[in-house]
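Student: This one is upload25.txt, compact mmCIF, C-alpha atoms and all ligand atoms.
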```txt
# COMPACT_ATOMS: atom_id res chain seq x y z
CA MET A 5 172.56 -10.95 -37.13
CA GLY A 6 170.42 -13.27 -39.25
CA MET A 7 168.30 -16.40 -38.86
CA LEU A 8 171.37 -18.63 -38.85
CA ASP A 9 172.92 -16.74 -35.91
CA ILE A 10 170.03 -17.65 -33.60
CA SER A 11 171.14 -20.19 -31.01
CA VAL A 12 168.36 -22.73 -31.56
CA MET A 13 169.02 -22.72 -35.32
CA LYS A 14 172.73 -23.36 -34.73
CA ARG A 15 171.96 -26.23 -32.37
CA TYR A 16 169.43 -27.75 -34.80
CA ILE A 17 171.97 -27.60 -37.64
CA ARG A 18 174.68 -29.14 -35.47
CA MET A 19 172.38 -32.03 -34.56
CA ALA A 20 171.66 -32.72 -38.25
CA ASP A 21 175.37 -32.63 -39.02
CA ASP A 22 176.20 -34.88 -36.06
CA GLY A 23 173.63 -37.41 -37.33
CA TRP A 24 175.19 -37.34 -40.79
CA HIS A 25 178.66 -37.97 -39.32
CA GLN A 26 177.32 -40.92 -37.31
CA GLY A 27 176.30 -42.55 -40.60
CA TRP A 28 172.59 -42.53 -39.76
CA HIS A 29 171.45 -40.46 -42.76
CA GLU A 30 172.37 -42.00 -46.10
CA ARG A 31 170.98 -39.97 -49.00
CA ASN A 32 167.72 -38.33 -47.81
CA GLY A 33 167.25 -40.75 -44.91
CA GLY A 34 165.86 -39.45 -41.63
CA ASN A 35 164.15 -36.28 -40.46
CA VAL A 36 163.99 -34.06 -37.40
CA THR A 37 161.44 -31.57 -36.13
CA TYR A 38 161.76 -29.12 -33.25
CA ARG A 39 158.87 -27.25 -31.58
CA LEU A 40 160.01 -23.67 -30.97
CA THR A 41 159.45 -21.85 -27.68
CA LYS A 42 157.48 -18.57 -27.76
CA GLU A 43 160.73 -16.66 -27.12
CA GLU A 44 162.50 -18.40 -30.02
CA VAL A 45 159.59 -17.59 -32.35
CA GLU A 46 159.86 -13.90 -31.41
CA GLN A 47 163.65 -13.97 -32.01
CA MET A 48 163.04 -15.44 -35.46
CA ARG A 49 159.97 -13.48 -36.51
CA PRO A 50 161.95 -10.55 -38.06
CA PHE A 51 163.49 -13.05 -40.50
CA PHE A 52 160.25 -14.76 -41.55
CA ASP A 53 159.14 -14.31 -45.18
CA ALA A 54 157.09 -11.17 -45.80
CA GLN A 55 154.49 -13.42 -47.41
CA PRO A 56 153.98 -16.88 -45.80
CA ARG A 57 153.29 -19.71 -48.23
CA PRO A 58 149.75 -21.18 -48.52
CA TRP A 59 148.23 -23.34 -45.77
CA VAL A 60 148.53 -27.09 -46.39
CA ASN A 61 146.09 -29.48 -44.72
CA MET A 62 147.91 -32.39 -43.02
CA GLY A 63 145.02 -34.86 -42.88
CA VAL A 64 145.67 -35.21 -39.13
CA THR A 65 144.79 -32.94 -36.20
CA GLY A 66 146.78 -32.05 -33.09
CA ALA A 67 144.58 -29.62 -31.17
CA ASN A 68 147.25 -29.15 -28.48
CA LEU A 69 149.69 -27.88 -31.16
CA ALA A 70 147.48 -25.07 -32.51
CA GLY A 71 149.55 -21.96 -33.21
CA GLU A 72 152.90 -23.70 -32.60
CA TYR A 73 155.96 -23.30 -34.85
CA PHE A 74 158.37 -26.08 -35.88
CA ILE A 75 161.74 -26.27 -37.56
CA SER A 76 161.69 -29.23 -39.98
CA THR A 77 163.99 -30.86 -42.46
CA GLY A 78 162.65 -30.72 -46.03
CA SER A 79 161.23 -33.70 -47.90
CA GLY A 80 163.90 -35.29 -50.10
CA LYS A 81 166.66 -33.13 -48.55
CA PHE A 82 169.95 -34.70 -47.48
CA PHE A 83 171.18 -34.30 -43.87
CA ARG A 84 174.66 -34.03 -45.34
CA ASN A 85 173.73 -30.72 -47.00
CA VAL A 86 172.04 -29.05 -44.04
CA ILE A 87 175.23 -27.37 -42.81
CA LEU A 88 176.15 -26.21 -46.33
CA ASP A 89 172.88 -24.42 -47.08
CA PRO A 90 170.35 -24.55 -44.23
CA GLU A 91 167.93 -22.26 -46.05
CA ASP A 92 167.65 -24.78 -48.89
CA SER A 93 167.35 -27.89 -46.66
CA LEU A 94 165.22 -26.67 -43.75
CA CYS A 95 162.01 -24.81 -43.15
CA ILE A 96 160.02 -23.25 -40.33
CA VAL A 97 156.31 -23.96 -40.37
CA GLU A 98 153.44 -22.40 -38.47
CA ILE A 99 150.44 -24.52 -37.40
CA ASN A 100 146.94 -23.00 -37.76
CA GLU A 101 144.43 -22.45 -34.98
CA ALA A 102 142.56 -25.68 -35.84
CA GLY A 103 145.80 -27.70 -35.48
CA ASP A 104 145.26 -29.40 -38.84
CA SER A 105 147.31 -27.35 -41.36
CA TYR A 106 150.78 -25.84 -41.69
CA ARG A 107 152.30 -23.06 -43.74
CA ILE A 108 155.98 -22.39 -44.43
CA VAL A 109 157.17 -19.05 -43.03
CA TRP A 110 160.92 -19.46 -43.69
CA GLY A 111 163.36 -21.66 -45.62
CA LEU A 112 163.13 -24.19 -48.47
CA LYS A 113 164.14 -21.22 -50.61
CA ASN A 114 164.25 -23.38 -53.74
CA GLY A 115 160.82 -24.86 -53.09
CA GLY A 116 159.67 -28.06 -51.43
CA ARG A 117 157.75 -29.12 -48.36
CA PRO A 118 158.52 -30.38 -44.86
CA THR A 119 159.68 -33.99 -44.40
CA SER A 120 157.50 -36.75 -45.87
CA GLU A 121 157.15 -37.95 -42.27
CA PHE A 122 155.73 -34.58 -41.10
CA PRO A 123 152.26 -36.02 -40.28
CA SER A 124 154.02 -38.71 -38.21
CA HIS A 125 156.20 -36.14 -36.46
CA PHE A 126 153.25 -33.81 -35.88
CA MET A 127 151.02 -36.50 -34.36
CA ASN A 128 153.88 -37.77 -32.23
CA HIS A 129 154.64 -34.25 -30.99
CA SER A 130 150.97 -34.06 -30.01
CA VAL A 131 151.17 -37.36 -28.10
CA ARG A 132 154.53 -36.58 -26.43
CA VAL A 133 153.51 -33.01 -25.47
CA ALA A 134 150.50 -34.55 -23.71
CA ALA A 135 152.61 -37.33 -22.12
CA THR A 136 155.28 -34.93 -20.81
CA ASN A 137 153.18 -31.91 -19.75
CA GLY A 138 154.60 -29.88 -22.61
CA ALA A 139 158.27 -30.76 -22.06
CA CYS A 140 158.81 -32.67 -25.33
CA ARG A 141 160.17 -30.48 -28.15
CA VAL A 142 162.15 -32.77 -30.46
CA ILE A 143 161.13 -35.72 -32.64
CA TYR A 144 164.04 -37.36 -34.47
CA HIS A 145 163.99 -40.20 -36.99
CA ALA A 146 167.19 -41.84 -38.27
CA HIS A 147 168.44 -45.04 -39.91
CA PRO A 148 171.07 -46.39 -37.48
CA ALA A 149 172.39 -49.65 -38.93
CA ASN A 150 172.74 -51.81 -35.81
CA VAL A 151 169.23 -51.15 -34.52
CA ILE A 152 167.89 -51.99 -37.98
CA ALA A 153 170.02 -55.15 -38.14
CA LEU A 154 168.55 -56.39 -34.85
CA THR A 155 165.03 -56.15 -36.31
CA TYR A 156 166.01 -59.06 -38.60
CA VAL A 157 167.09 -61.37 -35.78
CA LEU A 158 165.21 -60.51 -32.56
CA GLU A 159 161.56 -61.14 -31.80
CA LEU A 160 159.72 -57.91 -32.74
CA THR A 161 158.31 -57.13 -29.30
CA ASP A 162 158.78 -54.17 -26.98
CA ARG A 163 159.88 -56.54 -24.22
CA GLU A 164 162.53 -58.38 -26.23
CA PHE A 165 164.14 -55.19 -27.61
CA SER A 166 164.00 -53.36 -24.28
CA ARG A 167 165.68 -56.27 -22.47
CA VAL A 168 168.42 -56.76 -25.07
CA LEU A 169 169.18 -53.03 -25.18
CA TRP A 170 169.14 -52.61 -21.38
CA LYS A 171 171.54 -55.51 -20.98
CA SER A 172 173.98 -54.52 -23.72
CA ALA A 173 175.33 -51.43 -21.94
CA THR A 174 175.09 -50.62 -18.24
CA GLU A 175 173.93 -47.01 -18.70
CA CYS A 176 170.92 -48.02 -20.81
CA PRO A 177 168.43 -48.74 -18.02
CA VAL A 178 169.25 -45.28 -16.65
CA VAL A 179 168.90 -43.52 -20.02
CA PHE A 180 165.64 -45.21 -21.09
CA PRO A 181 164.15 -46.93 -18.03
CA GLY A 182 160.74 -47.04 -19.72
CA GLY A 183 162.13 -49.24 -22.50
CA VAL A 184 161.46 -48.95 -26.23
CA GLY A 185 158.48 -49.76 -28.42
CA VAL A 186 158.63 -51.80 -31.61
CA VAL A 187 156.48 -51.05 -34.65
CA PRO A 188 156.22 -53.89 -37.19
CA TRP A 189 157.28 -53.22 -40.78
CA MET A 190 154.94 -50.69 -42.43
CA VAL A 191 154.94 -48.44 -45.49
CA PRO A 192 156.77 -45.22 -44.49
CA GLY A 193 155.31 -41.73 -44.74
CA GLY A 194 151.63 -42.64 -44.34
CA ALA A 195 148.93 -42.27 -41.73
CA ASP A 196 149.12 -45.95 -40.66
CA ILE A 197 152.76 -45.81 -39.51
CA ALA A 198 152.04 -42.45 -37.86
CA LEU A 199 149.16 -43.94 -35.85
CA ALA A 200 151.05 -47.12 -34.93
CA THR A 201 154.02 -45.03 -33.76
CA CYS A 202 151.75 -42.76 -31.71
CA GLU A 203 150.39 -45.80 -29.88
CA LYS A 204 153.97 -46.71 -28.86
CA MET A 205 154.96 -43.13 -28.05
CA LYS A 206 152.12 -42.82 -25.54
CA LYS A 207 154.21 -45.25 -23.44
CA TYR A 208 157.80 -44.85 -24.66
CA GLU A 209 160.24 -42.11 -25.63
CA ALA A 210 161.55 -44.25 -28.49
CA ALA A 211 160.02 -46.54 -31.12
CA ILE A 212 161.91 -48.89 -33.42
CA TRP A 213 160.54 -49.20 -36.95
CA ALA A 214 161.25 -52.77 -38.07
CA HIS A 215 163.66 -53.00 -41.03
CA HIS A 216 163.66 -49.19 -41.26
CA GLY A 217 165.02 -47.19 -38.34
CA LEU A 218 164.43 -45.52 -35.01
CA PHE A 219 162.09 -42.74 -33.87
CA VAL A 220 162.95 -40.87 -30.65
CA SER A 221 161.65 -37.86 -28.71
CA GLY A 222 162.94 -35.57 -26.02
CA PRO A 223 162.89 -32.12 -24.41
CA ASP A 224 166.01 -30.79 -26.17
CA PHE A 225 168.56 -31.62 -28.86
CA ASP A 226 171.19 -33.07 -26.51
CA THR A 227 168.82 -35.47 -24.76
CA THR A 228 167.12 -36.57 -27.97
CA PHE A 229 170.32 -37.07 -29.93
CA GLY A 230 171.79 -38.78 -26.88
CA LEU A 231 168.88 -41.21 -26.75
CA MET A 232 169.32 -42.14 -30.43
CA HIS A 233 173.07 -42.51 -29.85
CA THR A 234 172.70 -44.61 -26.69
CA ILE A 235 170.17 -47.01 -28.22
CA GLU A 236 172.24 -47.44 -31.39
CA LYS A 237 175.46 -47.98 -29.44
CA SER A 238 173.81 -50.61 -27.28
CA ALA A 239 172.53 -52.37 -30.43
CA GLN A 240 176.06 -52.20 -31.85
CA ILE A 241 177.54 -53.83 -28.76
CA TYR A 242 175.00 -56.66 -28.99
CA VAL A 243 175.78 -57.13 -32.69
CA LEU A 244 179.54 -57.13 -31.95
CA ALA A 245 179.14 -59.65 -29.13
CA MET A 246 177.00 -61.96 -31.28
CA SER A 247 179.48 -61.55 -34.15
CA CYS A 248 182.16 -63.25 -32.04
CA GLY A 249 180.27 -66.40 -32.94
CA GLN A 250 179.81 -68.17 -29.62
CA GLY A 251 176.57 -66.51 -28.47
CA ILE A 252 176.12 -64.57 -25.22
CA ARG A 253 178.04 -66.34 -22.42
CA GLN A 254 177.14 -63.87 -19.66
CA THR A 255 175.11 -60.70 -19.40
CA ILE A 256 173.60 -58.30 -16.86
CA LYS A 257 171.05 -60.20 -14.77
CA ASP A 258 167.53 -58.93 -14.09
CA ASP A 259 168.27 -58.31 -10.42
CA GLU A 260 171.35 -56.33 -11.47
CA LEU A 261 169.11 -54.17 -13.68
CA ARG A 262 166.92 -53.61 -10.59
CA ALA A 263 170.05 -52.65 -8.61
CA ILE A 264 171.05 -50.07 -11.25
CA ALA A 265 167.53 -48.59 -11.18
CA LYS A 266 167.62 -48.37 -7.37
CA GLU A 267 171.04 -46.71 -7.31
CA PHE A 268 170.15 -44.16 -10.00
CA GLY A 269 166.60 -43.52 -8.77
CA VAL A 270 164.80 -44.53 -11.97
CA GLN A 271 161.71 -46.71 -12.41
CA LEU A 272 162.32 -49.63 -14.78
CA ARG A 273 159.29 -51.05 -16.55
CA GLU A 274 158.86 -54.01 -14.22
CA GLU A 275 156.76 -56.08 -16.66
CA PHE A 276 159.87 -56.41 -18.85
CA LEU A 277 161.90 -58.03 -16.04
CA ASP A 278 161.91 -61.71 -15.04
O1 LIG A 301 163.17 -38.98 -44.99
O2 LIG A 301 163.67 -41.55 -43.60
O3 LIG A 301 161.23 -42.53 -43.38
C1 LIG A 301 163.23 -40.25 -45.49
C2 LIG A 301 162.87 -41.21 -44.43
C3 LIG A 301 161.48 -41.67 -44.42
ZN ZN A 302 163.21 -43.36 -42.59
```
Starting from the coordinates I provided, produce the structure as C-alpha cells.
Ligand code: 2HA
Ligand code: ZN
Tutor:
Amino acid sequence: MGMLDISVMKRYIRMADDGWHQGWHERNGGNVTYRLTKEEVEQMRPFFDAQPRPWVNMGVTGANLAGEYFISTGSGKFFRNVILDPEDSLCIVEINEAGDSYRIVWGLKNGGRPTSEFPSHFMNHSVRVAATNGACRVIYHAHPANVIALTYVLELTDREFSRVLWKSATECPVVFPGGVGVVPWMVPGGADIALATCEKMKKYEAAIWAHHGLFVSGPDFDTTFGLMHTIEKSAQIYVLAMSCGQGIRQTIKDDELRAIAKEFGVQLREEFLD
C-alpha cells in the first residue's frame, strides 16, 4: 500500500490521462486541482514527506480554504507523463491557516512548484466552494481545440456561447443549464485572468478563455471531466456543421430548449433565451 494505491489518487491520474488521450493537453498545456476530503487527507498522511517544503505566499487569499489540501499538477509538467511517473508530475499542497500560502507535502520529487495557474485555481476553488456550499472539489483547465476555434468566430459573450453550445447537442441544456461564461483574451497565469475568471465562476460552472481554452469546476472527477467533454463535443458538432459550408439550416428552437428543461427538471438561464 502506497500513495498511488489510494483511490482518489488513482482517479486523479486517470482523469489526467483521459484528458491527454482526448488531445486537450499538448506539451504542458492544462492543469487540474482537486480539494481533498478530510478522510482522504488522513489516508494520505502516512505517505507525506517527513519534512514539508517551505511555505510559499500566493499573493491571493481564500479564507474559506484555510487548512485545506489539494492535489495539483506541477508547473511545466506534461499531462502525458502523469501516468508514467505521478510523483514527478504531481504534488499535494497544504494551505496555511491564513489561506494565503501553500507548502508541498508530497510529490514533485525532482523539484518544481504547483501549476502556473495555481492562484487562478485557488481563487476559483474559493468562489465555487462558496457558490456550492462546499460541494465543489475539482477545477480543471484544458485546451480543447473546437471550443478555442469558436472563440475566433463567435461573438465573445456569455449569451452567444451558451446559446450555440446548448443548441449544438440536445443534452447540453441538461448538463449545463446555467450556461457558460466567456473571458476575453488575457495573459495567462496572472492575477488579472484569475480575477476575471472568478467573476464568471460566481455565476457559471464553466468559463471559456478566448483563444486559449476552457476552465470548468465540479464536485468530482466524473462530473468535471464530463462537463469539459460535453462542452467540447458540442463545440465540435457546431464546427462540423458549419464546415459543411452552407450555414445552419435548422437548429433547436428556444421553446424546445424550454421543453427540455421542463422535462429534465432543470432551470435554464432565462435571460439567454429569446
Ligand atoms: O499549464 O495551460 O494556461 C499551462 C497552461 C496555462
Ligand atoms: Zn492553458
Student: What residues have any atom no more than 10 Å from ligand ZN 302 (chain A) when counting all atoms listed in the file, and can you list them as a PyMOL selection string?
Tutor: chain A and resi 28-30+32-35+120-121+145-148+192-193+213+215-219
Student: Could you write those residues out with C-alpha atoms, as a PDB file, in the frame of the given file?
Tutor:
```
ATOM      1  CA  TRP A  28     172.590 -42.530 -39.760  1.00  0.00           C
ATOM      2  CA  HIS A  29     171.450 -40.460 -42.760  1.00  0.00           C
ATOM      3  CA  GLU A  30     172.370 -42.000 -46.100  1.00  0.00           C
ATOM      4  CA  ASN A  32     167.720 -38.330 -47.810  1.00  0.00           C
ATOM      5  CA  GLY A  33     167.250 -40.750 -44.910  1.00  0.00           C
ATOM      6  CA  GLY A  34     165.860 -39.450 -41.630  1.00  0.00           C
ATOM      7  CA  ASN A  35     164.150 -36.280 -40.460  1.00  0.00           C
ATOM      8  CA  SER A 120     157.500 -36.750 -45.870  1.00  0.00           C
ATOM      9  CA  GLU A 121     157.150 -37.950 -42.270  1.00  0.00           C
ATOM     10  CA  HIS A 145     163.990 -40.200 -36.990  1.00  0.00           C
ATOM     11  CA  ALA A 146     167.190 -41.840 -38.270  1.00  0.00           C
ATOM     12  CA  HIS A 147     168.440 -45.040 -39.910  1.00  0.00           C
ATOM     13  CA  PRO A 148     171.070 -46.390 -37.480  1.00  0.00           C
ATOM     14  CA  PRO A 192     156.770 -45.220 -44.490  1.00  0.00           C
ATOM     15  CA  GLY A 193     155.310 -41.730 -44.740  1.00  0.00           C
ATOM     16  CA  TRP A 213     160.540 -49.200 -36.950  1.00  0.00           C
ATOM     17  CA  HIS A 215     163.660 -53.000 -41.030  1.00  0.00           C
ATOM     18  CA  HIS A 216     163.660 -49.190 -41.260  1.00  0.00           C
ATOM     19  CA  GLY A 217     165.020 -47.190 -38.340  1.00  0.00           C
ATOM     20  CA  LEU A 218     164.430 -45.520 -35.010  1.00  0.00           C
ATOM     21  CA  PHE A 219     162.090 -42.740 -33.870  1.00  0.00           C
TER      22      PHE A 219
END
```
Student: Do a neighbour search on Glu275 (chain A) at 9 Å with all atoms listed in the file, toss out local chain neighbours closer than 3 positions, and write the hits as a list in words.
Tutor: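 Skipping anything fewer than 3 positions along the chain leaves Arg163, Leu272 and Asp278 of chain A.
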Student: From the list A:Arg141, A:Arg39, A:Arg273, A:Arg117, which residue is nearest ligand LIG 301 (chain A) when using all atoms listed in the file?
Tutor: A:Arg117
Student: Counting all atoms listed in the file, which of A:Ser93, A:Ser11, A:Thr161, A:Asn137 gets nearest to ligand LIG 301 (chain A)?
Tutor: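 Going through A:Ser93, A:Ser11, A:Thr161, A:Asn137 one by one, the smallest distance to ligand LIG 301 (chain A) is for A:Ser93.
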Student: Kindly indicate which residue among A:Gly269, A:Pro118, A:Gly103, A:Gly194 lies nearest to Pro181 (chain A), using all atoms listed in the file for the distances.
Tutor: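 The closest residue to Pro181 (chain A) is A:Gly269.
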Student: Can you work out the spacing between CA of Thr174 (chain A) and CA of Cys202 (chain A) in Å, to one decimal?
Tutor: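 About the pair CA of Thr174 (chain A) and CA of Cys202 (chain A): they are 28.1 Å apart.
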Student: Neighbouring residues of Val36 (chain A) were defined as those with any atom within 8 Å, considering only C-alpha atoms; residues of the same chain fewer than 5 positions away were excluded. Please report them as a short mmCIF file (atom, residue, chain, number, x, y, z; two decimals) with C-alpha atoms, keeping the file's coordinate frame.
Tutor:
```
data_model
loop_
_atom_site.label_atom_id
_atom_site.label_comp_id
_atom_site.auth_asym_id
_atom_site.auth_seq_id
_atom_site.Cartn_x
_atom_site.Cartn_y
_atom_site.Cartn_z
CA ALA A 20 171.66 -32.72 -38.25
CA SER A 76 161.69 -29.23 -39.98
CA THR A 77 163.99 -30.86 -42.46
CA VAL A 142 162.15 -32.77 -30.46
CA ILE A 143 161.13 -35.72 -32.64
CA TYR A 144 164.04 -37.36 -34.47
CA HIS A 145 163.99 -40.20 -36.99
#
```
Student: If you count only C-alpha atoms, which residues fall within 12 Å of Ala70 (chain A), apart from same-chain ones fewer than 3 positions away, as a list in words?
Tutor: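 My list of contacting residues is Arg39, Thr65, Gly66, Ala67, Tyr73, Phe74, Val97, Glu98, Ile99, Asn100, Glu101, Ala102, Gly103, Asp104, Ser105, Tyr106, Phe126, His129 and Ser130 of chain A.
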Student: Please report the interatomic distance between CA of Val131 (chain A) and CA of Pro177 (chain A) in Å with one decimal.
Tutor: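 Computed distance, CA of Val131 (chain A) to CA of Pro177 (chain A), equals 23.0 Å.
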Student: What is the CA of Met232 (chain A) to CA of Gln250 (chain A) distance in Å?
Tutor: 28.1 Å
Student: Check the smallest atom-to-atom distance from each of A:Asp162, A:Glu44, A:Glu209, A:Asp92 to Arg132 (chain A) using all atoms listed in the file, then report the winner.
Tutor: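 Closest residue, counting all atoms listed in the file: A:Glu209.
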Student: Measuring between all atoms listed in the file, which one of A:Gln240, A:Asn114, A:Thr119, A:Asn68 shows the shortest distance to ligand LIG 301 (chain A)?
Tutor: A:Thr119
Student: Looking at all atoms listed in the file, which of A:Asn150, A:Met190, A:Pro90, A:Glu274 is the one that sits closest to Arg262 (chain A)?
Tutor: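 Closest to Arg262 (chain A), using all atoms listed in the file: A:Glu274.
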Student: Please return as a count of residues only every residue within 6 Å of (160.3, -22.8, -40.2), taking into account all atoms listed in the file and the file's own coordinates.
Tutor: 7
